[in-house]
There are 6 protein chains.
Amino acid sequence: MRLLLLNANTTEAVTEKIAAGARRVALSGTEILPVTGRFGGRIVGTRAEIAIAEHAALDLAARHGGEVDAVLIGVSFDVGLRALRELLPVPVVGMTEAACLTACMLGGRFGLVTYGRRNAATFREIVTGYGLADRLAGIRAPDLTPAEMLTDPEGTAAAIAEAARDLADTDGAEVVVLAGATMAGLPSLIQPLVPVPLVEGIASGVGLAEMLARLHPAGAFGGSYARVGGRQSTGLSAELSRMLSGA
Amino acid sequence: MRLLLLNANTTEAVTEKIAAGARRVALSGTEILPVTGRFGGRIVGTRAEIAIAEHAALDLAARHGGEVDAVLIGVSFDVGLRALRELLPVPVVGMTEAACLTACMLGGRFGLVTYGRRNAATFREIVTGYGLADRLAGIRAPDLTPAEMLTDPEGTAAAIAEAARDLADTDGAEVVVLAGATMAGLPSLIQPLVPVPLVEGIASGVGLAEMLARLHPAGAFGGSYARVGGRQSTGLSAELSRMLSGA
Amino acid sequence: MRLLLLNANTTEAVTEKIAAGARRVALSGTEILPVTGRFGGRIVGTRAEIAIAEHAALDLAARHGGEVDAVLIGVSFDVGLRALRELLPVPVVGMTEAACLTACMLGGRFGLVTYGRRNAATFREIVTGYGLADRLAGIRAPDLTPAEMLTDPEGTAAAIAEAARDLADTDGAEVVVLAGATMAGLPSLIQPLVPVPLVEGIASGVGLAEMLARLHPAGAFGGSYARVGGRQSTGLSAELSRMLSGA
Amino acid sequence: MRLLLLNANTTEAVTEKIAAGARRVALSGTEILPVTGRFGGRIVGTRAEIAIAEHAALDLAARHGGEVDAVLIGVSFDVGLRALRELLPVPVVGMTEAACLTACMLGGRFGLVTYGRRNAATFREIVTGYGLADRLAGIRAPDLTPAEMLTDPEGTAAAIAEAARDLADTDGAEVVVLAGATMAGLPSLIQPLVPVPLVEGIASGVGLAEMLARLHPAGAFGGSYARVGGRQSTGLSAELSRMLSGA
Amino acid sequence: MRLLLLNANTTEAVTEKIAAGARRVALSGTEILPVTGRFGGRIVGTRAEIAIAEHAALDLAARHGGEVDAVLIGVSFDVGLRALRELLPVPVVGMTEAACLTACMLGGRFGLVTYGRRNAATFREIVTGYGLADRLAGIRAPDLTPAEMLTDPEGTAAAIAEAARDLADTDGAEVVVLAGATMAGLPSLIQPLVPVPLVEGIASGVGLAEMLARLHPAGAFGGSYARVGGRQSTGLSAELSRMLSGA
Amino acid sequence: MRLLLLNANTTEAVTEKIAAGARRVALSGTEILPVTGRFGGRIVGTRAEIAIAEHAALDLAARHGGEVDAVLIGVSFDVGLRALRELLPVPVVGMTEAACLTACMLGGRFGLVTYGRRNAATFREIVTGYGLADRLAGIRAPDLTPAEMLTDPEGTAAAIAEAARDLADTDGAEVVVLAGATMAGLPSLIQPLVPVPLVEGIASGVGLAEMLARLHPAGAFGGSYARVGGRQSTGLSAELSRMLSGA
């Protein structure tokens, strides 16, 4: 199968990193097709950048979504998730959605570790938006920047492990989601320090996208996810405009 | 005060219509500044068009948000609401948010009338995202298109009144929100047919934006709504890029 | 417009204080009409006093509600709110309801600061009763008495600021409601110490009451807020008895 | 034990009816002490009358609550429940609270039958206020008045049975609460027509009040239900004023 | 009345302890009939043992449930509660369910103290399963084993009192449930140390079972609790097989 | 990988049917190992049979769980799910859990079709127990018996399709879960009749179990899912007793 790995950040280095993570866990028959956002924040991290990335994700899907069997959104805010499900005939999975649903199969309530208080609020909204607030034991957001995570991987890993352990010990989390594109590969490193299973979105997301592609669910022809054609628009890329118009 | 009326649809006729509605209810000292989206769906009505309009709303705010006292989002899906609150130093109100909060002050649980089943799902998600699911008595979505609402205003009004009355009689709604930019002006027309108060987003939104502008709340310097500068981006309009970078 | 400021405490000094707060923020055309409870607790602060004040609020409305355009309940427990909405043909706003709804327009989840643990439980019930539990990040109740708030305003302000900051830093509140009639005027004093916007009920309530009076919503003629006449009663003030009987 | 049956309606005939119902089910050692409200609505049935009855219930408790072992509130809106728990050293049970908690022990989700749409909204708020919204399968409110229930008992019973059966068949209620002081005695009459158990508040309430009196729980000396003395008030009955002041 | 006290632990000493607790509080006319599980964990304390005890509880009821007026499940995980309600024609109460519902009548939100973090998660699921999550202020699980509770009763009592007090002071619990079969008798010992009422399941459960037996509710003949006969099974005890087949 | 397909019904024909369904969708390297319950209901369909099957599922896992890579519970009530997660070192998935989580990735709110009103209540509790109540649009339970589903497959399929379509059209379900072991294979048959995607538990469950086995999550060594050894028991099968004791 062909899996579009859609990174709506505009930084190719991030794309490469998550593509490497995805390839490590994909089935042998899965081809990972990574693409990078054409406009928007270098690293999506604010509400404004998330809003822009909603559009950027669609633009990428319009350009590259034609010949794939599934899509994995490789931005931890799952930008464009609902819109892509409406727009594309193949399964679409968000990496944080994937991690949260996987966590649901490994225990009771799950915790979530991200970095930076700003992200804590955003992820709470995302998890709540998935109807999973009752499964959420708590969120920890150690004060780390994406930059630090690159320059001090060991200190970063230690801080994240500490946060995950605290979620288990204090908040009663039975699984911990590590939320963020840079978390790929981290669970195996720090798992010995944390008493409950760790999951992250790239590995979970590749697995779920592969599983859904095989399940081959029907597309909706009713409801809010049914595709509609003939939508008129202006000022968009030719590919996205064409996809909306259904031509 | 100067109130930016931000229409992220790319159809000017819609902008004019909501601007007229806004001017009918504004305080005498309020100047309504309507603007129209530069890219995206002619009439935002699908999940894909909503995603694009998130970006378009920010682009408009970057161009026109500099010298205003408050912003009212004149698309009933409240596109860009959270991002604009982060980005701008002045109060931002979404028209459907405004109608729902106004409804909360007029009774217990409220119903919501929109048109088309696709919209029913989307508005349910929006109301839930505002934490107001417990106040929502029900949603009705008569099978009307925006086009019909223009060509057959009387039939449309009757269908909407019927839906609102049914929400009151069957679902126990004590107030009914008419959701949609084209609903401005409708409450007074059909109110006699509905046993509970009707509210819509333009009148509510203008009033709340005026009220917030006078209250003059402080901006956050912590949390997920605190403005951050120095964000690097690519491929955006010069105005939006500048606003993100904080220059 | 004429705004009845209904203080169901039986202490006139409190009425004067909140009336001053209301006048500071009212539109130039708004006349503030403050009234004081005729029976009940000097300072409403227990569940029993709240129960009595439910009645006292109605008694006041029956005496003074005839020629006004809106009512603001100036007791932070919003006593009589639902009953007054049923009884009066004009909009009625509770000061804590007003602060909470205003908070909803300024960020995501809000915190609430009051004084005394007893009040913490009561306000949690009130916010939950408004269907806003999902928006509530947390409550802090520094151990202050209303008396201390009068005799040591600076220490009080510092304790409240500390509580508000802690709600933002620890609980992730993105806005903080200062709940209590004595909080009027406090936000501007302590805002610099708190990283998220502060709101209180008198300023919010005056603004929302003015906004609703202008919106001029229809009264319900169905549902649980529809006014009914012909109710027989005994032992009430002549004014309240007459209002119930609809004579 | 001595059980104060507190009817905050001001109609003695209602008191007699519920007292008879209570005596039919009480343990042999239980003395039922019925009292009637001294002021307020003849039949409490509007939001305004409920607000007044909050006060009236306290007034009754201050007069008669001194030498009893438990209190049952014999108005189906459970007026004064929380305030009486704060004020009195003995257990206090509301009749609708009692019926709902009893229902929780007889099945999964319960339905509730009352009369008149106005009451439907009020009971939904009451059940939600008890934190039991997730147990509530639905509410039915046949269009009956208390008067009709007296003049046409058979038609009334049939309408209530039909509503209860519909809750079971359509909404999946596994138990049905008959809410209203006039429902005492009805369950046994119509039970054969309804496929799930019926409960009402007087029988449930007497049983729970007896059970709590025997359990003899400690009073709170902390939290929002701890009794406080020394409260100053004005304009209240001597008995209530004395109870508040703790003299 | 005859009350079957169903202990699905396979340790008779526990049965004796809870039977003694039950007899201390039962009405004079109540005969306590304690029975002990025939298979399963010595002390039910893991999820696996709970699953097994679901079956063991039914097996006990099939053997001993024939001539009783009510059943109290004397394992704090309320094993078999829903199944027994379907299977038996008499009221069935779970001891933790009983304690939680009793707590609901004594205050607002309640806390719960158990021992061991494993149990904390399980009890949270149980309380949530009863639809009472909104009433739950918090859970504390001091690191005690059932063995310690037997060998060091004073230290145990002190640790439990400390946990209960902390729930009141920190989490705002207004009542505290002591969850566990070994908690019988503890409330009166440690109540002076805790500012809010304490309840436990044996005393609450006996009282509620007595109350329900007197109320004598009808059995369901529809819905998910209606008894069905003619169920075929294999490999079960003769008594349970017979009960399922309805012979 | 080796996937234990655990059928806690005691009817081998059901095992064969679900095994066939599982083999149709499994990856080529997946070996399906079906086992049948040794005691309990022929067809688990009542609350009592579910309680017994909790034990039977553990007994099966103790006998057959030693050399497998994952477990799929092939009873639609997901019997033993939590206990098996505690007991086994490999991933465990419930078939209805699998279908619900898969549904979450294909749309917004999902509906659920089962047969028989009794099951409707049980599945609502199961979905709620997974914390997914907010995702549940509604449940339909056409009055079919498992027997009819075997003897009249076409009529059954038509009734289920009708129920699914009604969930989409009336309740706004965007995906529909077909709950029941006999639903395997049905989605593809009736999908053309239903405007939203259909999922069922065997296909979803095999896919998710394969995905989790590859993800190879760590086992918990803390929290309520951590395995504990040394548990003493009586009256159980040698295999289960040994598994509890950890020998």
# chains A, B, ... in the order shown; residues from 1 in each chain; ligands from 1
$ closest_atom_pairs --of "chain B" --to "chain A" --cutoff "6 Å" --atoms "only C-alpha atoms" --output "CSV"
residue,atom,partner,partner_atom,distance
B:Phe39,CA,A:Gly235,CA,4.3
B:Gly40,CA,A:Ser233,CA,5.2
B:Gly41,CA,A:Ser233,CA,4.1
B:Arg42,CA,A:Ser233,CA,5.1
B:Arg47,CA,A:Ala83,CA,4.6
B:Ala48,CA,A:Ala83,CA,4.5
B:Ala51,CA,A:Glu54,CA,5.2
B:Ile52,CA,A:His55,CA,4.5
B:Glu54,CA,A:Ala51,CA,5.2
B:His55,CA,A:Ile52,CA,4.5
B:Ala83,CA,A:Ala48,CA,4.5
B:Arg118,CA,A:Ser224,CA,4.0
B:Gly223,CA,A:Arg118,CA,5.3
B:Ser224,CA,A:Arg118,CA,4.0
B:Gln232,CA,A:Arg42,CA,5.7
B:Ser233,CA,A:Gly41,CA,4.1
B:Thr234,CA,A:Phe39,CA,5.1
B:Gly235,CA,A:Phe39,CA,4.3
$ residues_around --residues "Gly66 of chain E" --least-positions-apart "3" --cutoff "12 Å" --atoms "only C-alpha atoms" --output "VMD selection string"
chain E and resid 2 to 4 60 to 63 69 to 71 87 to 90 239 to 240 243
$ residues_around --residues "His216 of chain F" --least-positions-apart "6" --cutoff "12 Å" --atoms "only C-alpha atoms" --output "list in words"
Val25, Thr102, Leu106, Pro187, Ser188, Pro197, Leu198, Val199, Ala203, Ser204 and Gly207 of chain A; Met1, Asp69, Ala70, Pro89, Val90, Pro91, Val92, Ala209 and Glu210 of chain F
$ write_last_selection --atoms "C-alpha atoms" --output "PDB file, in the first residue's frame"
ATOM      1  CA  VAL A  25       7.515   0.484  11.801  1.00  0.00           C
ATOM      2  CA  THR A 102      -4.122   3.064  20.674  1.00  0.00           C
ATOM      3  CA  LEU A 106      -3.823  -0.648  26.374  1.00  0.00           C
ATOM      4  CA  PRO A 187       8.926   5.306  23.804  1.00  0.00           C
ATOM      5  CA  SER A 188      11.418   2.474  23.536  1.00  0.00           C
ATOM      6  CA  PRO A 197       2.922   1.628  28.430  1.00  0.00           C
ATOM      7  CA  LEU A 198       4.026   4.564  26.275  1.00  0.00           C
ATOM      8  CA  VAL A 199       2.675   5.243  22.821  1.00  0.00           C
ATOM      9  CA  ALA A 203       4.101   4.288  15.070  1.00  0.00           C
ATOM     10  CA  SER A 204       0.457   4.155  16.121  1.00  0.00           C
ATOM     11  CA  GLY A 207      -0.262   0.858  12.076  1.00  0.00           C
TER      12      GLY A 207
ATOM     13  CA  MET F   1       1.788 -13.872  14.515  1.00  0.00           C
ATOM     14  CA  ASP F  69       0.992 -12.692  20.257  1.00  0.00           C
ATOM     15  CA  ALA F  70      -2.401 -11.132  20.824  1.00  0.00           C
ATOM     16  CA  PRO F  89       1.594 -10.003  28.634  1.00  0.00           C
ATOM     17  CA  VAL F  90       0.230  -9.544  25.104  1.00  0.00           C
ATOM     18  CA  PRO F  91      -2.305  -7.091  23.653  1.00  0.00           C
ATOM     19  CA  VAL F  92      -5.978  -7.913  24.146  1.00  0.00           C
ATOM     20  CA  ALA F 209      -4.864  -6.963  17.242  1.00  0.00           C
ATOM     21  CA  GLU F 210      -2.370  -7.417  14.414  1.00  0.00           C
TER      22      GLU F 210
END
$ select_by_dssp --residues "segment 5-188 of chain A" --states "strand (DSSP E)" --output "PyMOL selection string"
chain A and resi 5-7+31-36+40-41+70-73+92-94+110-113+136-140+175-178
$ residues_around --residues "Val206 of chain F" --least-positions-apart "4" --cutoff "9 Å" --atoms "only C-alpha atoms" --output "ChimeraX atom specification"
/F:3,5,22-23,25-27,72,93,95,98,201-202,210-211
$ atom_distance --atom1 "atom CA of Ser76 of chain C" --atom2 "atom CA of Asp78 of chain D"
22.9 Å
$ residues_around --residues "Val196 of chain F" --least-positions-apart "5" --cutoff "9 Å" --atoms "only C-alpha atoms" --output "ChimeraX atom specification"
/A:218-223,225-226 /F:107,164-165,168,173-176,191
$ write_last_selection --atoms "N, CA and C atoms" --output "short mmCIF file (atom, residue, chain, number, x, y, z; two decimals), in the first residue's frame"
data_model
loop_
_atom_site.label_atom_id
_atom_site.label_comp_id
_atom_site.auth_asym_id
_atom_site.auth_seq_id
_atom_site.Cartn_x
_atom_site.Cartn_y
_atom_site.Cartn_z
N ALA A 218 -16.16 1.83 3.25
CA ALA A 218 -16.89 2.58 2.23
C ALA A 218 -16.82 4.07 2.54
N GLY A 219 -16.94 4.88 1.51
CA GLY A 219 -17.05 6.31 1.73
C GLY A 219 -18.49 6.68 2.06
N ALA A 220 -18.67 7.76 2.77
CA ALA A 220 -20.02 8.21 3.09
C ALA A 220 -20.66 8.85 1.87
N PHE A 221 -21.92 8.55 1.61
CA PHE A 221 -22.65 9.34 0.61
C PHE A 221 -23.79 10.13 1.26
N GLY A 222 -23.75 10.18 2.57
CA GLY A 222 -24.67 11.02 3.33
C GLY A 222 -23.93 11.56 4.54
N GLY A 223 -24.51 12.54 5.20
CA GLY A 223 -23.89 13.07 6.41
C GLY A 223 -22.81 14.09 6.12
N TYR A 225 -19.66 13.98 6.24
CA TYR A 225 -18.40 13.56 5.63
C TYR A 225 -18.57 13.13 4.17
N ALA A 226 -19.80 13.19 3.68
CA ALA A 226 -20.01 12.84 2.28
C ALA A 226 -19.32 13.88 1.40
N GLY F 107 -15.33 8.89 11.02
CA GLY F 107 -16.34 9.95 11.00
C GLY F 107 -16.43 10.61 12.35
N ALA F 164 -29.57 0.80 10.41
CA ALA F 164 -28.35 1.59 10.20
C ALA F 164 -28.67 2.87 9.44
N ARG F 165 -29.50 2.73 8.40
CA ARG F 165 -29.85 3.92 7.62
C ARG F 165 -30.60 4.92 8.49
N ALA F 168 -28.31 6.92 10.59
CA ALA F 168 -27.66 7.99 9.81
C ALA F 168 -28.62 9.13 9.55
N ALA F 173 -25.83 9.76 12.75
CA ALA F 173 -24.63 8.92 12.83
C ALA F 173 -23.83 9.06 11.54
N GLU F 174 -22.51 9.16 11.68
CA GLU F 174 -21.65 9.29 10.49
C GLU F 174 -20.93 7.98 10.19
N VAL F 175 -21.04 7.04 11.05
CA VAL F 175 -20.53 5.69 10.88
C VAL F 175 -21.50 4.82 11.67
N VAL F 176 -21.61 3.53 11.30
CA VAL F 176 -22.47 2.65 12.09
C VAL F 176 -21.72 1.36 12.42
N GLN F 191 -23.79 -2.55 2.78
CA GLN F 191 -23.23 -1.21 2.68
C GLN F 191 -23.93 -0.34 1.63
#
$ select_by_dssp --residues "segment 26-189 of chain D" --states "alpha helix (DSSP H)" --output "NGL selection string"
:D and (47-64 or 81-87 or 95-104 or 117-129 or 146-151 or 153-171 or 186-189)
